[in-house]
Amino acid sequence: MPSSRRLWELHIAVLLFGGTALFAKLIPLGALDMTVLRCVIAALTLALVVKATKGRLRLGSGREYATALALGVVVSLHWVTYFASMQVSTVAVGMIAFFTYPVMAVLLEPMIKRQLPHPRDLLAAAIVLVGIVLIVPDTNLDNSTTQGVALGVLSALLFTLRNLLHKHRFSHHSGPKAMFYQCLVAAVVLAPFQSSAALLMPLWGWGLLLVLGIGFTATPHALLAQALGNLKVKSVALISCLQPIYATVLAALVLHEIPDWRTLVGGVLVVSAAVFETLAARSQKP
């Protein structure tokens with residue numbers, strides 16, 4: 001059975017993930033530039049963690065390096081679209097659009113195994129979907145909100161694919177090692193497209209980048225990678241539905257984005273589904 005420690009690690013990771021949304025607004029860089037620097041900082045941090053725990057960075061075969069390359073490419077696109085969705089709209093819109101991924105996960109994972117989704121998971125996914133629909137404030141195709149939703153949904157699809165690939169091809173590696181390769185590949189893939197904006201960024205912006213790269217990237221992604229090795233992808237996805245709630249609260253406190261009643265009602269639905277799936281995950285076999 002998955003240990004309670006793994007569940008606690010997952011919830012801590014979700015809290016930190018919720019905080020990443022704030023940096024899209026706080027750091028004076030575009031989504032791509034922010035992602036490159038975030039990945040460089042996170043990769044260096046994770047490499048030190050692996051070495052400090054006497055782990056080995058080298059992979060075992062050419063097939064594993066190919067998997068790491070594929071994971072890194074998907075992660076790079078996921079992070080760019082994730083930050084861009086919040087920069088063109090708001091934290092709430094970008095985050096809620098991104099959280100269509102739990103629904104994608106509960107539908108895609110059984111299809112890979114040629115199975116039908118469990119009715120319990122379909123119910124939880126439906127509740128999440130209703131909550132997301134309630135929270136999204138605007139569906140006008142001509143405004144920035146719709147752009148944010150579109151980018152958020154694309155980011156969700158990329159994140160779902162990343163989770164499934166990691167679960168079935170890369171979860172035998174430790175969390176820090178797995179995320180080191182994904183961050184490293186993402187930085188290398190995106191570096192040629194980076195602008196010179198970072199050279200003009202003030203010192204406090206670099207400080208925020210360090211916090212983002214170490215505290216809100218290296219740490220939660222390592223914890224999430226560990227969880228993916230012990231829990232089903234759909235369970236991790238639905239438990240992670242706490243993330244938009246954390247992000248909404250943090251955005252209200254830091255950015256003064258106050259949610260309306262629709263956001264509050266949708267949040268209750270999303271959290272209810274997350275709690276339900278957390279309890280169900282305790283009875284799963286790894």
# chains A, B, ... in the order shown; residues from 1 in each chain; ligands from 1
$ residues_around --residues "region 101-104 of chain A" --least-positions-apart "4" --cutoff "9 Å" --atoms "only C-alpha atoms" --output "PyMOL selection string"
chain A and resi 97+108-109+121-122+124-126+128-129+153+155-160+233-241
$ closest_atom_pairs --of "region 74-184 of chain A" --to "region 47-59 of chain A" --cutoff "10 Å" --atoms "only C-alpha atoms" --output "tab-separated table"
residue	atom	partner	partner_atom	distance
A:His173	CA	A:Leu59	CA	9.0
A:Ser174	CA	A:Val50	CA	8.7
A:Gly175	CA	A:Val50	CA	9.3
A:Pro176	CA	A:Val50	CA	6.3
A:Lys177	CA	A:Val50	CA	6.2
A:Ala178	CA	A:Leu57	CA	9.2
A:Met179	CA	A:Ala47	CA	9.4
A:Phe180	CA	A:Ala47	CA	6.2
A:Tyr181	CA	A:Leu57	CA	8.7
A:Leu184	CA	A:Ala47	CA	9.7
$ residues_around --residues "Gly19 (chain A)" --least-positions-apart "3" --cutoff "10 Å" --atoms "only C-alpha atoms" --output "list in words"
Ala13, Val14, Leu15, Leu16, Leu22, Phe23, Ala24, Leu212, Gly215, Phe216, Gln243, Pro244, Tyr246, Ala247, Thr248, Val249, Leu250 and Ala251 of chain A
$ closest_residue --among "A:Val254, A:Leu10, A:Ala31, A:Thr20" --to "Ser195 (chain A)" --atoms "only C-alpha atoms"
A:Ala31
$ residues_around --residues "Leu200 (chain A)" --least-positions-apart "6" --cutoff "12 Å" --atoms "only C-alpha atoms" --output "ChimeraX atom specification"
/A:28-29,206
$ decode --residues "region 70-83 of chain A" --atoms "all heavy atoms" --output "PDB file, in the first residue's frame"
ATOM      1  N   ALA A  70      12.537  12.818 -24.507  1.00  0.00           N
ATOM      2  CA  ALA A  70      11.115  13.028 -24.790  1.00  0.00           C
ATOM      3  C   ALA A  70      10.422  13.724 -23.620  1.00  0.00           C
ATOM      4  O   ALA A  70       9.631  14.663 -23.811  1.00  0.00           O
ATOM      5  CB  ALA A  70      10.440  11.685 -25.087  1.00  0.00           C
ATOM      6  N   LEU A  71      10.731  13.287 -22.402  1.00  0.00           N
ATOM      7  CA  LEU A  71      10.141  13.916 -21.221  1.00  0.00           C
ATOM      8  C   LEU A  71      10.523  15.391 -21.121  1.00  0.00           C
ATOM      9  O   LEU A  71       9.688  16.247 -20.817  1.00  0.00           O
ATOM     10  CB  LEU A  71      10.593  13.183 -19.957  1.00  0.00           C
ATOM     11  CG  LEU A  71       9.901  11.853 -19.644  1.00  0.00           C
ATOM     12  CD1 LEU A  71      10.656  11.105 -18.544  1.00  0.00           C
ATOM     13  CD2 LEU A  71       8.459  12.076 -19.226  1.00  0.00           C
ATOM     14  N   GLY A  72      11.786  15.689 -21.388  1.00  0.00           N
ATOM     15  CA  GLY A  72      12.256  17.070 -21.303  1.00  0.00           C
ATOM     16  C   GLY A  72      11.594  17.980 -22.310  1.00  0.00           C
ATOM     17  O   GLY A  72      11.254  19.133 -22.004  1.00  0.00           O
ATOM     18  N   VAL A  73      11.397  17.484 -23.531  1.00  0.00           N
ATOM     19  CA  VAL A  73      10.741  18.282 -24.569  1.00  0.00           C
ATOM     20  C   VAL A  73       9.299  18.586 -24.175  1.00  0.00           C
ATOM     21  O   VAL A  73       8.826  19.727 -24.287  1.00  0.00           O
ATOM     22  CB  VAL A  73      10.789  17.557 -25.926  1.00  0.00           C
ATOM     23  CG1 VAL A  73       9.917  18.278 -26.947  1.00  0.00           C
ATOM     24  CG2 VAL A  73      12.226  17.469 -26.432  1.00  0.00           C
ATOM     25  N   VAL A  74       8.587  17.559 -23.698  1.00  0.00           N
ATOM     26  CA  VAL A  74       7.192  17.754 -23.289  1.00  0.00           C
ATOM     27  C   VAL A  74       7.107  18.720 -22.108  1.00  0.00           C
ATOM     28  O   VAL A  74       6.249  19.616 -22.074  1.00  0.00           O
ATOM     29  CB  VAL A  74       6.540  16.404 -22.935  1.00  0.00           C
ATOM     30  CG1 VAL A  74       5.139  16.619 -22.368  1.00  0.00           C
ATOM     31  CG2 VAL A  74       6.470  15.511 -24.162  1.00  0.00           C
ATOM     32  N   VAL A  75       8.008  18.567 -21.133  1.00  0.00           N
ATOM     33  CA  VAL A  75       8.018  19.442 -19.966  1.00  0.00           C
ATOM     34  C   VAL A  75       8.302  20.888 -20.357  1.00  0.00           C
ATOM     35  O   VAL A  75       7.694  21.825 -19.829  1.00  0.00           O
ATOM     36  CB  VAL A  75       9.039  18.945 -18.921  1.00  0.00           C
ATOM     37  CG1 VAL A  75       9.370  20.026 -17.917  1.00  0.00           C
ATOM     38  CG2 VAL A  75       8.496  17.728 -18.190  1.00  0.00           C
ATOM     39  N   SER A  76       9.222  21.091 -21.294  1.00  0.00           N
ATOM     40  CA  SER A  76       9.555  22.457 -21.713  1.00  0.00           C
ATOM     41  C   SER A  76       8.336  23.157 -22.314  1.00  0.00           C
ATOM     42  O   SER A  76       8.054  24.318 -21.992  1.00  0.00           O
ATOM     43  CB  SER A  76      10.701  22.435 -22.731  1.00  0.00           C
ATOM     44  OG  SER A  76      10.303  21.859 -23.960  1.00  0.00           O
ATOM     45  N   LEU A  77       7.601  22.472 -23.149  1.00  0.00           N
ATOM     46  CA  LEU A  77       6.404  23.049 -23.759  1.00  0.00           C
ATOM     47  C   LEU A  77       5.302  23.254 -22.722  1.00  0.00           C
ATOM     48  O   LEU A  77       4.564  24.247 -22.768  1.00  0.00           O
ATOM     49  CB  LEU A  77       5.908  22.154 -24.889  1.00  0.00           C
ATOM     50  CG  LEU A  77       6.879  21.979 -26.070  1.00  0.00           C
ATOM     51  CD1 LEU A  77       6.337  20.960 -27.064  1.00  0.00           C
ATOM     52  CD2 LEU A  77       7.136  23.309 -26.757  1.00  0.00           C
ATOM     53  N   HIS A  78       5.211  22.311 -21.800  1.00  0.00           N
ATOM     54  CA  HIS A  78       4.215  22.442 -20.733  1.00  0.00           C
ATOM     55  C   HIS A  78       4.463  23.689 -19.904  1.00  0.00           C
ATOM     56  O   HIS A  78       3.534  24.468 -19.635  1.00  0.00           O
ATOM     57  CB  HIS A  78       4.240  21.201 -19.841  1.00  0.00           C
ATOM     58  CG  HIS A  78       3.783  21.428 -18.443  1.00  0.00           C
ATOM     59  ND1 HIS A  78       2.520  21.887 -18.131  1.00  0.00           N
ATOM     60  CD2 HIS A  78       4.433  21.295 -17.247  1.00  0.00           C
ATOM     61  CE1 HIS A  78       2.394  22.005 -16.808  1.00  0.00           C
ATOM     62  NE2 HIS A  78       3.549  21.667 -16.263  1.00  0.00           N
ATOM     63  N   TRP A  79       5.701  23.927 -19.490  1.00  0.00           N
ATOM     64  CA  TRP A  79       5.992  25.069 -18.631  1.00  0.00           C
ATOM     65  C   TRP A  79       5.820  26.403 -19.354  1.00  0.00           C
ATOM     66  O   TRP A  79       5.334  27.373 -18.775  1.00  0.00           O
ATOM     67  CB  TRP A  79       7.403  24.960 -18.064  1.00  0.00           C
ATOM     68  CG  TRP A  79       7.475  24.073 -16.857  1.00  0.00           C
ATOM     69  CD1 TRP A  79       6.458  23.775 -15.996  1.00  0.00           C
ATOM     70  CD2 TRP A  79       8.618  23.364 -16.386  1.00  0.00           C
ATOM     71  NE1 TRP A  79       6.901  22.917 -15.010  1.00  0.00           N
ATOM     72  CE2 TRP A  79       8.219  22.654 -15.221  1.00  0.00           C
ATOM     73  CE3 TRP A  79       9.933  23.250 -16.829  1.00  0.00           C
ATOM     74  CZ2 TRP A  79       9.112  21.851 -14.505  1.00  0.00           C
ATOM     75  CZ3 TRP A  79      10.808  22.457 -16.104  1.00  0.00           C
ATOM     76  CH2 TRP A  79      10.397  21.769 -14.957  1.00  0.00           C
ATOM     77  N   VAL A  80       6.202  26.463 -20.617  1.00  0.00           N
ATOM     78  CA  VAL A  80       6.042  27.717 -21.365  1.00  0.00           C
ATOM     79  C   VAL A  80       4.563  28.065 -21.497  1.00  0.00           C
ATOM     80  O   VAL A  80       4.147  29.207 -21.253  1.00  0.00           O
ATOM     81  CB  VAL A  80       6.694  27.618 -22.752  1.00  0.00           C
ATOM     82  CG1 VAL A  80       6.315  28.830 -23.615  1.00  0.00           C
ATOM     83  CG2 VAL A  80       8.217  27.544 -22.626  1.00  0.00           C
ATOM     84  N   THR A  81       3.741  27.102 -21.868  1.00  0.00           N
ATOM     85  CA  THR A  81       2.302  27.365 -22.006  1.00  0.00           C
ATOM     86  C   THR A  81       1.643  27.629 -20.660  1.00  0.00           C
ATOM     87  O   THR A  81       0.694  28.407 -20.561  1.00  0.00           O
ATOM     88  CB  THR A  81       1.601  26.182 -22.705  1.00  0.00           C
ATOM     89  OG1 THR A  81       1.936  24.953 -22.029  1.00  0.00           O
ATOM     90  CG2 THR A  81       2.043  26.070 -24.164  1.00  0.00           C
ATOM     91  N   TYR A  82       2.164  27.006 -19.610  1.00  0.00           N
ATOM     92  CA  TYR A  82       1.637  27.204 -18.259  1.00  0.00           C
ATOM     93  C   TYR A  82       1.815  28.655 -17.820  1.00  0.00           C
ATOM     94  O   TYR A  82       0.849  29.320 -17.402  1.00  0.00           O
ATOM     95  CB  TYR A  82       2.362  26.257 -17.305  1.00  0.00           C
ATOM     96  CG  TYR A  82       2.036  26.422 -15.840  1.00  0.00           C
ATOM     97  CD1 TYR A  82       0.882  25.873 -15.299  1.00  0.00           C
ATOM     98  CD2 TYR A  82       2.919  27.094 -14.991  1.00  0.00           C
ATOM     99  CE1 TYR A  82       0.597  26.002 -13.949  1.00  0.00           C
ATOM    100  CE2 TYR A  82       2.642  27.224 -13.634  1.00  0.00           C
ATOM    101  CZ  TYR A  82       1.486  26.679 -13.119  1.00  0.00           C
ATOM    102  OH  TYR A  82       1.203  26.814 -11.782  1.00  0.00           O
ATOM    103  N   PHE A  83       3.021  29.185 -17.929  1.00  0.00           N
ATOM    104  CA  PHE A  83       3.268  30.570 -17.529  1.00  0.00           C
ATOM    105  C   PHE A  83       2.595  31.554 -18.482  1.00  0.00           C
ATOM    106  O   PHE A  83       2.064  32.584 -18.056  1.00  0.00           O
ATOM    107  CB  PHE A  83       4.768  30.845 -17.476  1.00  0.00           C
ATOM    108  CG  PHE A  83       5.446  30.276 -16.261  1.00  0.00           C
ATOM    109  CD1 PHE A  83       6.495  29.390 -16.385  1.00  0.00           C
ATOM    110  CD2 PHE A  83       5.024  30.626 -14.985  1.00  0.00           C
ATOM    111  CE1 PHE A  83       7.125  28.868 -15.260  1.00  0.00           C
ATOM    112  CE2 PHE A  83       5.644  30.100 -13.854  1.00  0.00           C
ATOM    113  CZ  PHE A  83       6.697  29.211 -13.996  1.00  0.00           C
TER     114      PHE A  83
END
